[in-house]
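Have a look at start-v6.txt below; it lists compact mmCIF, C-alpha atoms and all ligand atoms.
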# COMPACT_ATOMS: atom_id res chain seq x y z
CA MET A 15 -27.45 16.80 -12.59
CA ARG A 16 -31.16 16.11 -12.50
CA ALA A 17 -33.25 16.01 -9.33
CA GLY A 18 -33.72 12.41 -8.26
CA ASP A 19 -30.26 11.66 -9.48
CA TYR A 20 -28.99 11.03 -5.96
CA GLY A 21 -31.67 8.41 -5.44
CA GLN A 22 -30.64 6.67 -8.64
CA CYS A 23 -27.02 6.57 -7.53
CA LEU A 24 -28.06 5.13 -4.15
CA ALA A 25 -30.07 2.48 -5.97
CA ALA A 26 -27.04 1.63 -8.10
CA LEU A 27 -25.00 0.98 -4.93
CA VAL A 28 -27.68 -1.24 -3.44
CA GLN A 29 -28.37 -3.13 -6.63
CA GLY A 30 -24.84 -4.08 -7.39
CA GLU A 31 -22.99 -2.52 -10.30
CA PRO A 32 -22.30 1.11 -9.42
CA THR A 33 -19.58 3.01 -11.23
CA ALA A 34 -16.98 5.03 -9.34
CA THR A 35 -18.90 8.09 -10.53
CA ASP A 36 -22.10 6.83 -8.89
CA ILE A 37 -20.23 6.29 -5.63
CA ALA A 38 -18.49 9.66 -5.80
CA ARG A 39 -21.91 11.25 -6.25
CA VAL A 40 -23.26 9.39 -3.21
CA LEU A 41 -20.27 10.67 -1.23
CA SER A 42 -21.06 14.29 -2.16
CA PRO A 43 -24.71 15.03 -1.38
CA LYS A 44 -25.96 18.46 -2.34
CA ASN A 45 -27.95 19.04 0.82
CA GLU A 46 -28.94 17.64 4.21
CA GLU A 47 -31.80 15.65 2.67
CA GLU A 48 -29.49 13.70 0.39
CA HIS A 49 -27.03 13.03 3.21
CA GLY A 50 -29.94 11.93 5.40
CA ALA A 51 -31.29 9.59 2.71
CA LEU A 52 -27.91 7.85 2.48
CA VAL A 53 -27.58 7.42 6.24
CA VAL A 54 -31.15 6.18 6.72
CA LEU A 55 -30.75 3.67 3.89
CA ALA A 56 -27.41 2.40 5.26
CA ASP A 57 -28.92 2.03 8.73
CA ARG A 58 -31.76 -0.03 7.30
CA VAL A 59 -29.45 -2.24 5.25
CA ARG A 60 -27.31 -2.72 8.37
CA LYS A 61 -30.32 -3.72 10.46
CA ASN A 62 -31.65 -6.14 7.86
CA ASN A 63 -28.31 -7.81 7.23
CA VAL A 64 -26.36 -7.82 10.48
CA GLY A 65 -28.99 -6.85 13.06
CA ASP A 66 -28.89 -4.53 16.03
CA GLY A 67 -26.01 -6.16 17.91
CA VAL A 68 -22.74 -4.26 18.09
CA HIS A 69 -19.64 -6.45 18.19
CA LEU A 70 -16.87 -5.32 20.49
CA ARG A 71 -13.26 -6.07 19.66
CA ALA A 72 -10.91 -5.53 22.60
CA LEU A 73 -7.81 -3.80 21.30
CA ILE A 74 -4.39 -4.58 22.79
CA GLU A 75 -1.73 -2.24 21.40
CA PHE A 76 1.24 -4.34 22.40
CA SER A 77 4.18 -2.53 20.80
CA ASN A 78 4.67 0.93 19.32
CA HIS A 79 7.97 0.06 17.66
CA CYS A 80 7.70 0.33 13.89
CA ARG A 81 10.15 -0.11 11.04
CA ALA A 82 7.88 1.63 8.52
CA ALA A 83 7.83 5.28 7.49
CA CYS A 84 4.15 5.87 6.67
CA GLN A 85 3.92 9.62 6.16
CA TYR A 86 0.76 10.02 8.23
CA CYS A 87 1.56 7.86 11.25
CA GLY A 88 2.99 9.00 14.57
CA LEU A 89 4.62 5.60 15.15
CA ARG A 90 6.80 5.94 12.04
CA ALA A 91 10.40 4.85 12.63
CA GLU A 92 11.79 8.32 12.13
CA ASN A 93 9.77 9.82 14.96
CA SER A 94 12.50 9.97 17.59
CA ASP A 95 10.33 12.04 19.97
CA LEU A 96 8.27 9.02 20.88
CA ALA A 97 9.23 6.78 23.82
CA ARG A 98 8.90 3.20 22.61
CA TYR A 99 7.50 0.22 24.51
CA ARG A 100 7.06 -3.48 23.96
CA MET A 101 4.78 -5.68 26.04
CA PRO A 102 6.36 -9.05 26.74
CA PRO A 103 4.27 -12.12 25.86
CA ASP A 104 3.12 -12.62 29.47
CA GLU A 105 1.80 -9.09 29.65
CA ILE A 106 -0.05 -9.50 26.34
CA ILE A 107 -1.67 -12.72 27.57
CA GLU A 108 -2.56 -10.99 30.85
CA ALA A 109 -4.24 -8.14 28.92
CA ALA A 110 -6.18 -10.68 26.85
CA THR A 111 -7.29 -12.40 30.07
CA ILE A 112 -8.59 -9.11 31.44
CA ALA A 113 -10.43 -8.53 28.14
CA ALA A 114 -12.09 -11.95 28.40
CA GLU A 115 -13.04 -11.22 32.03
CA LEU A 116 -14.65 -7.98 30.91
CA GLY A 117 -16.84 -10.09 28.62
CA TYR A 118 -15.22 -9.36 25.26
CA ARG A 119 -15.36 -12.23 22.78
CA THR A 120 -12.60 -10.98 20.48
CA VAL A 121 -9.13 -9.67 21.22
CA VAL A 122 -7.22 -7.74 18.59
CA LEU A 123 -3.44 -7.88 18.96
CA GLN A 124 -2.09 -4.79 17.22
CA SER A 125 1.40 -3.33 16.94
CA GLY A 126 3.67 -1.37 14.66
CA GLU A 127 5.74 -3.41 12.24
CA ASP A 128 8.01 -4.81 14.93
CA ALA A 129 10.36 -7.66 13.99
CA TRP A 130 11.32 -8.14 17.67
CA TYR A 131 8.30 -10.43 17.81
CA THR A 132 9.33 -13.41 15.73
CA ALA A 133 6.74 -15.51 13.97
CA GLU A 134 7.22 -18.14 16.67
CA THR A 135 6.74 -15.66 19.52
CA ILE A 136 3.45 -14.44 18.09
CA ALA A 137 2.33 -18.00 17.35
CA GLN A 138 3.03 -18.89 20.97
CA ILE A 139 1.02 -15.92 22.25
CA VAL A 140 -1.90 -16.79 19.96
CA SER A 141 -1.96 -20.43 20.97
CA GLU A 142 -1.78 -19.60 24.70
CA ILE A 143 -4.70 -17.19 24.35
CA LYS A 144 -6.74 -19.65 22.29
CA SER A 145 -6.15 -22.51 24.71
CA ARG A 146 -6.81 -20.54 27.89
CA LEU A 147 -9.54 -18.11 26.87
CA ASP A 148 -12.86 -18.32 25.05
CA VAL A 149 -12.15 -15.57 22.55
CA ALA A 150 -11.58 -15.07 18.85
CA VAL A 151 -8.13 -13.70 18.03
CA THR A 152 -7.50 -11.02 15.44
CA LEU A 153 -3.97 -10.05 14.44
CA CYS A 154 -2.97 -6.63 13.11
CA VAL A 155 0.80 -6.53 12.88
CA GLY A 156 1.41 -5.50 9.29
CA GLU A 157 3.16 -7.13 6.37
CA ARG A 158 4.92 -10.42 6.98
CA PRO A 159 5.98 -13.35 4.82
CA GLU A 160 3.42 -16.03 4.03
CA ARG A 161 5.20 -18.45 6.36
CA ASP A 162 4.46 -16.20 9.36
CA TYR A 163 0.82 -15.75 8.44
CA ALA A 164 0.50 -19.53 7.97
CA LEU A 165 2.11 -20.27 11.32
CA TRP A 166 -0.25 -17.90 13.14
CA ARG A 167 -3.27 -19.37 11.43
CA GLU A 168 -2.15 -22.84 12.53
CA ALA A 169 -1.72 -21.45 16.05
CA GLY A 170 -5.40 -20.50 15.99
CA ALA A 171 -5.58 -16.89 14.81
CA ASP A 172 -9.05 -16.32 13.37
CA ARG A 173 -8.83 -12.94 11.68
CA TYR A 174 -6.36 -10.45 10.26
CA LEU A 175 -6.62 -6.71 9.77
CA LEU A 176 -4.48 -5.06 7.13
CA ARG A 177 -5.73 -1.78 5.79
CA ILE A 178 -4.87 -0.94 2.20
CA GLU A 179 -4.90 2.70 3.44
CA THR A 180 -5.53 3.92 -0.12
CA SER A 181 -6.20 1.87 -3.24
CA ALA A 182 -4.62 4.50 -5.52
CA PRO A 183 -1.19 3.01 -6.30
CA GLU A 184 0.62 6.34 -6.91
CA LEU A 185 -0.77 7.89 -3.74
CA TYR A 186 0.09 4.72 -1.86
CA ALA A 187 3.67 4.99 -3.09
CA THR A 188 3.97 8.62 -1.99
CA LEU A 189 2.61 7.91 1.47
CA HIS A 190 4.58 4.73 2.12
CA PRO A 191 8.26 5.20 1.31
CA GLY A 192 10.05 1.90 0.92
CA MET A 193 6.84 -0.12 0.74
CA SER A 194 5.11 -1.71 -2.21
CA PHE A 195 1.44 -1.46 -3.11
CA ASP A 196 1.65 -4.78 -4.92
CA ASN A 197 3.08 -6.48 -1.89
CA ARG A 198 0.31 -5.13 0.29
CA VAL A 199 -2.33 -6.46 -2.09
CA ALA A 200 -0.46 -9.77 -2.25
CA CYS A 201 -0.51 -9.96 1.58
CA LEU A 202 -4.28 -9.48 1.56
CA HIS A 203 -4.72 -12.29 -0.96
CA THR A 204 -2.39 -14.57 0.98
CA LEU A 205 -4.31 -13.95 4.20
CA ARG A 206 -7.58 -14.74 2.47
CA ARG A 207 -6.16 -17.92 0.94
CA LEU A 208 -4.91 -19.06 4.35
CA GLY A 209 -8.47 -18.90 5.64
CA TYR A 210 -8.34 -15.78 7.76
CA GLN A 211 -11.43 -13.66 8.13
CA LEU A 212 -10.10 -10.62 6.41
CA GLY A 213 -10.32 -6.99 7.41
CA SER A 214 -9.11 -3.99 5.47
CA GLY A 215 -9.89 -0.34 5.10
CA VAL A 216 -8.64 3.12 4.27
CA LEU A 217 -7.86 6.50 5.71
CA ILE A 218 -10.27 9.28 4.84
CA GLY A 219 -9.09 12.80 4.09
CA LEU A 220 -5.46 12.14 3.19
CA PRO A 221 -3.77 14.88 1.17
CA GLY A 222 -3.96 13.84 -2.48
CA GLN A 223 -7.18 11.90 -2.09
CA SER A 224 -10.31 12.81 -4.05
CA LEU A 225 -13.91 11.63 -4.05
CA GLU A 226 -12.97 9.57 -7.07
CA THR A 227 -10.13 7.77 -5.27
CA LEU A 228 -12.36 7.22 -2.22
CA ALA A 229 -15.04 5.77 -4.50
CA ARG A 230 -12.43 3.43 -5.96
CA ASP A 231 -11.33 2.50 -2.43
CA LEU A 232 -14.85 1.25 -1.77
CA LEU A 233 -14.87 -0.74 -5.00
CA PHE A 234 -11.50 -2.20 -4.01
CA LEU A 235 -12.90 -3.35 -0.64
CA ARG A 236 -15.98 -4.76 -2.32
CA ASP A 237 -13.93 -6.66 -4.91
CA LEU A 238 -11.72 -8.05 -2.15
CA GLU A 239 -14.92 -9.15 -0.37
CA THR A 240 -13.50 -8.05 2.96
CA ASP A 241 -15.29 -9.49 5.96
CA MET A 242 -14.41 -6.49 8.11
CA VAL A 243 -13.87 -2.85 7.24
CA GLY A 244 -12.16 -0.17 9.32
CA MET A 245 -12.14 3.33 7.85
CA GLY A 246 -11.31 6.36 9.92
CA PRO A 247 -10.58 10.03 9.35
CA PHE A 248 -6.96 11.07 8.87
CA ILE A 249 -5.76 13.14 11.84
CA PRO A 250 -2.46 14.93 11.18
CA HIS A 251 0.35 14.29 13.64
CA ASP A 252 2.94 16.98 14.36
CA ALA A 253 5.89 14.64 14.27
CA THR A 254 5.19 13.46 10.71
CA PRO A 255 5.73 14.92 7.23
CA LEU A 256 1.97 15.52 7.03
CA ALA A 257 1.96 17.89 10.03
CA GLY A 258 -0.23 20.87 9.24
CA SER A 259 -2.35 19.04 6.67
CA GLU A 260 -6.09 19.31 6.85
CA THR A 261 -7.91 16.89 9.16
CA GLY A 262 -10.24 14.32 7.58
CA ARG A 263 -13.90 15.23 7.76
CA VAL A 264 -16.35 13.53 10.08
CA GLU A 265 -19.27 13.81 7.64
CA LEU A 266 -17.28 12.31 4.80
CA THR A 267 -16.21 9.45 7.06
CA ILE A 268 -19.85 8.81 7.96
CA ARG A 269 -20.77 8.77 4.27
CA MET A 270 -17.91 6.39 3.45
CA MET A 271 -19.19 4.00 6.15
CA ALA A 272 -22.74 4.29 4.87
CA ALA A 273 -21.74 3.73 1.23
CA CYS A 274 -19.62 0.78 2.34
CA ARG A 275 -22.64 -0.76 4.06
CA LEU A 276 -24.59 -0.53 0.80
CA LEU A 277 -21.78 -2.21 -1.14
CA LEU A 278 -20.93 -4.84 1.49
CA PRO A 279 -24.23 -5.48 3.28
CA ARG A 280 -22.91 -8.34 5.45
CA ALA A 281 -19.54 -6.87 6.44
CA HIS A 282 -18.52 -5.97 9.96
CA ILE A 283 -17.92 -2.22 9.75
CA VAL A 284 -16.12 -0.41 12.55
CA ALA A 285 -17.05 2.91 14.08
CA THR A 286 -13.43 3.86 14.68
CA THR A 287 -11.72 5.45 17.64
CA ALA A 288 -10.41 8.13 15.26
CA LEU A 289 -14.02 9.08 14.51
CA GLY A 290 -14.68 9.27 18.26
CA THR A 291 -11.59 11.45 18.61
CA LEU A 292 -12.86 14.07 16.16
CA ALA A 293 -16.41 14.21 17.52
CA PRO A 294 -17.62 13.24 20.99
CA LEU A 295 -20.49 11.27 19.42
CA GLY A 296 -18.56 10.19 16.34
CA ARG A 297 -18.71 6.48 17.12
CA GLU A 298 -22.45 6.65 17.77
CA TRP A 299 -22.98 8.42 14.45
CA GLY A 300 -20.90 5.77 12.70
CA LEU A 301 -22.97 3.02 14.29
CA GLN A 302 -26.10 4.80 13.01
CA ALA A 303 -24.70 5.04 9.49
CA GLY A 304 -23.97 1.40 8.74
CA GLY A 305 -21.46 0.53 11.47
CA ASN A 306 -21.86 -2.54 13.70
CA VAL A 307 -18.48 -2.84 15.45
CA ALA A 308 -16.50 -0.85 18.01
CA MET A 309 -12.97 -1.43 19.23
CA PRO A 310 -12.61 -0.48 22.89
CA ASN A 311 -9.08 -0.24 24.20
CA VAL A 312 -7.76 -2.75 26.75
CA THR A 313 -4.10 -1.80 26.48
CA PRO A 314 -2.64 -1.40 29.99
CA GLN A 315 -3.14 2.22 30.93
CA ARG A 316 0.55 3.08 31.28
CA HIS A 317 1.25 2.30 27.62
CA ARG A 318 -1.78 3.92 26.06
CA ALA A 319 -0.52 7.44 25.55
CA LEU A 320 2.54 6.07 23.76
CA TYR A 321 0.51 4.35 21.05
CA GLU A 322 0.12 7.73 19.46
CA ILE A 323 -0.74 6.98 15.85
CA TYR A 324 -2.48 10.37 15.80
CA PRO A 325 -2.79 13.10 18.46
CA SER A 326 -5.54 13.61 21.06
CA LYS A 327 -6.60 9.98 20.91
CA ILE A 328 -9.47 9.25 23.28
CA CYS A 329 -9.32 6.75 26.15
CA ILE A 330 -5.63 7.23 26.96
CA ASN A 331 -6.34 8.01 30.62
CA GLU A 332 -8.88 5.24 31.08
CA GLU A 333 -8.57 1.67 32.30
CA GLY A 334 -10.11 -1.17 30.29
CA SER A 335 -13.00 -1.51 32.73
CA HIS A 336 -13.94 2.13 32.26
CA CYS A 337 -14.04 1.82 28.46
CA ARG A 338 -16.10 -1.34 28.83
CA GLY A 339 -18.83 0.53 30.71
CA CYS A 340 -18.51 3.60 28.50
CA ILE A 341 -18.91 1.75 25.25
CA GLU A 342 -21.87 -0.28 26.45
CA ALA A 343 -23.63 2.91 27.61
CA ARG A 344 -22.96 4.52 24.24
CA ILE A 345 -24.38 1.51 22.38
CA ASN A 346 -27.47 1.42 24.59
CA SER A 347 -27.97 5.16 24.21
CA ILE A 348 -28.73 4.67 20.51
CA GLY A 349 -31.12 1.78 21.08
CA ARG A 350 -28.67 -0.96 20.20
CA HIS A 351 -27.14 -3.76 22.25
CA MET A 352 -23.79 -5.44 22.72
CA ALA A 353 -23.61 -8.65 20.73
CA THR A 354 -22.64 -11.62 22.87
CA ASP A 355 -21.33 -14.00 20.21
CA TYR A 356 -17.84 -13.97 18.69
CA GLY A 357 -18.92 -11.83 15.79
CA HIS A 358 -17.26 -13.98 13.17
CA ALA A 359 -17.46 -13.06 9.51
CA LEU A 360 -20.90 -13.72 8.12
CA SER A 361 -20.70 -16.27 5.37
CA ALA A 362 -22.72 -15.98 2.22
CA GLU A 363 -25.18 -18.62 3.45
CA ARG A 364 -27.97 -16.04 3.29
CA GLU A 365 -28.48 -13.71 0.37
CA PRO A 366 -27.83 -10.05 1.17
CA GLN A 367 -31.01 -8.27 2.19
CA PRO A 368 -31.26 -4.88 0.54
CA ALA A 369 -33.45 -2.14 1.87
CA GLY A 370 -36.85 -3.57 2.84
CA THR A 371 -38.33 -2.40 6.12
N1 LIG B 1 -4.82 9.46 11.58
C1 LIG B 1 -5.77 8.49 11.59
N2 LIG B 1 -5.51 7.19 11.46
C2 LIG B 1 -4.22 6.82 11.30
N3 LIG B 1 -3.66 5.60 11.12
C3 LIG B 1 -2.33 5.79 11.02
N4 LIG B 1 -2.01 7.09 11.13
C4 LIG B 1 -3.18 7.75 11.30
C5 LIG B 1 -3.52 9.13 11.45
N5 LIG B 1 -2.58 10.08 11.46
C6 LIG B 1 -4.41 4.36 10.96
C7 LIG B 1 -3.93 3.56 9.76
C8 LIG B 1 -3.55 2.24 10.35
C9 LIG B 1 -4.35 2.20 11.62
C10 LIG B 1 -3.84 1.25 12.66
O1 LIG B 1 -4.27 3.53 12.08
O2 LIG B 1 -4.99 3.42 8.83
O3 LIG B 1 -3.86 1.13 9.52
FE1 LIG B 2 -12.83 4.50 26.40
FE2 LIG B 2 -15.29 5.71 26.23
S1 LIG B 2 -14.57 3.92 25.20
S2 LIG B 2 -13.59 6.15 27.59

The structure given in the file should be rewritten as structure tokens.
Amino acid sequence: MRAGDYGQCLAALVQGEPTATDIARVLSPKNEEEHGALVVLADRVRKNNVGDGVHLRALIEFSNHCRAACQYCGLRAENSDLARYRMPPDEIIEAATIAAELGYRTVVLQSGEDAWYTAETIAQIVSEIKSRLDVAVTLCVGERPERDYALWREAGADRYLLRIETSAPELYATLHPGMSFDNRVACLHTLRRLGYQLGSGVLIGLPGQSLETLARDLLFLRDLETDMVGMGPFIPHDATPLAGSETGRVELTIRMMAACRLLLPRAHIVATTALGTLAPLGREWGLQAGGNVAMPNVTPQRHRALYEIYPSKICINEEGSHCRGCIEARINSIGRHMATDYGHALSAEREPQPAGT
């Protein structure tokens, strides 16, 4: 390839119609300078489109029961080594109350795919939280029928996170026994139609992935026009079929976030806990490469270690108040500030601002 080629591929991402080849090239810089050019550009596009505020989403991991068998995930049903817990509705509402008291403006209710919580139970929890607390509510509880999603939306849920995990249908099928790629895509469209602010994302570094599939993942997220994106490195878990696989790379994750910022200038992009698990400053790097969201944990301390999606997760010995101070200090350390609004999806009222200074 010619010199200057990297710059042309970057320009194609910013200007709108990049091919998967352009994106794959952006994801594989030849040297530090190219990597640096991507990160600096993404940081500028982030600043011009979503500003310097970092939105905090307080994460409540309310149940680690899961009926699914995702090959990469420590919560998979077949992992009988894991002690399982479920927080009753009162405890979930209590955790949300603590989150609001800590100043968070969004709570994310996340669990494995756990049918113990009926649609009505979750609707009740959402409506209690929305009536008592001044917070946005995000749900992240997996695939459910349209009726459930509709009920929760009526109960006041604002947002939904459902990662596509990989947009390559064959790879998706291998990694998710018993699940259907088409159904997952259908769920995303249903959620969008019901008026949720929609979040999705992928794992980075899965066995079987390539730069080409990752490039297509980004095009998938762009075509879906996701409001929020969460993409973290794959971290192999010993109690899964992918034990012993290679760990996802921090630098590639950073580049995926940066490329995503160029393709979706107004999205809320998370610097994930998985990134912070692989590198002590991983979240800060992510926030400096296009990210504008972090998801501090507010799960009651006694449950945290059991929500072991991947090993060595950070924050499992901390209380919510500790993470609150920690995350704010990290944000301030890179010259940014905690946003104080809800951090809703940014509508298309303003044209995306590309790379000006
Ligand atoms: N490493 C990193 N992230 C993982 N997730 C599941 N298993 C792993 C793992 N081993 C991610 C999935 C899921 C999110 C809640 O956690 O992408 O959507
Ligand atoms: Fe939990 Fe830093 S965010 S200890």

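Among the candidates A:Val121, A:Met245, A:Ala97, A:Cys80, the residue lying nearest to ligand LIG 1 (chain B) is A:Met245 (atoms considered: only C-alpha atoms and all ligand atoms).
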
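In this comparison, which uses only C-alpha atoms, the residue of A:Ile323, A:Arg297, A:Gly213, A:Thr227 approaching Leu185 of chain A most closely is A:Thr227.
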
task = Dump the neighbourhood of ligand LIG 2 (chain B) as number ranges by chain: all residues within 6 Å, distances computed on only C-alpha atoms and all ligand atoms.
result = A: 310, 329, 332, 337, 340-341

Writer output for current selection, C-alpha atoms, as a PDB file, in the frame of the given file:
ATOM      1  CA  PRO A 310     -12.610  -0.480  22.890  1.00  0.00           C
ATOM      2  CA  CYS A 329      -9.320   6.750  26.150  1.00  0.00           C
ATOM      3  CA  GLU A 332      -8.880   5.240  31.080  1.00  0.00           C
ATOM      4  CA  CYS A 337     -14.040   1.820  28.460  1.00  0.00           C
ATOM      5  CA  CYS A 340     -18.510   3.600  28.500  1.00  0.00           C
ATOM      6  CA  ILE A 341     -18.910   1.750  25.250  1.00  0.00           C
TER       7      ILE A 341
END

ask   = Neighbours of Ala133 of chain A within 10 Å (all atoms listed in the file; same-chain residues fewer than 4 positions away dropped), as a PyMOL selection string?
value = chain A and resi 129+137-138+158-159+161-166

Can you write just those residues out, C-alpha atoms, as a PDB file, in the frame of the given file?
ATOM      1  CA  ALA A 129      10.360  -7.660  13.990  1.00  0.00           C
ATOM      2  CA  ALA A 137       2.330 -18.000  17.350  1.00  0.00           C
ATOM      3  CA  GLN A 138       3.030 -18.890  20.970  1.00  0.00           C
ATOM      4  CA  ARG A 158       4.920 -10.420   6.980  1.00  0.00           C
ATOM      5  CA  PRO A 159       5.980 -13.350   4.820  1.00  0.00           C
ATOM      6  CA  ARG A 161       5.200 -18.450   6.360  1.00  0.00           C
ATOM      7  CA  ASP A 162       4.460 -16.200   9.360  1.00  0.00           C
ATOM      8  CA  TYR A 163       0.820 -15.750   8.440  1.00  0.00           C
ATOM      9  CA  ALA A 164       0.500 -19.530   7.970  1.00  0.00           C
ATOM     10  CA  LEU A 165       2.110 -20.270  11.320  1.00  0.00           C
ATOM     11  CA  TRP A 166      -0.250 -17.900  13.140  1.00  0.00           C
TER      12      TRP A 166
END

Can you list every residue of chain A that has an atom at most 6 Å from ligand LIG 1 (chain B), with its nearest atom pair and the distance in Å to one decimal, using all atoms listed in the file, ordered by chain then number, as CSV?
residue,atom,partner,partner_atom,distance
A:Tyr86,CA,B:LIG1,N5,4.6
A:Cys87,CA,B:LIG1,N4,3.7
A:Arg177,CA,B:LIG1,O3,5.1
A:Glu179,CA,B:LIG1,O2,5.4
A:Val216,CA,B:LIG1,O2,5.8
A:Leu217,CA,B:LIG1,O2,5.2
A:Pro247,CA,B:LIG1,C1,5.5
A:Phe248,CA,B:LIG1,N1,3.8
A:Ile249,CA,B:LIG1,N1,3.8
A:Pro250,CA,B:LIG1,N5,4.9
A:His251,CA,B:LIG1,N5,5.6
A:Ala288,CA,B:LIG1,C1,5.9
A:Ile323,CA,B:LIG1,N4,4.9
A:Tyr324,CA,B:LIG1,N5,4.4
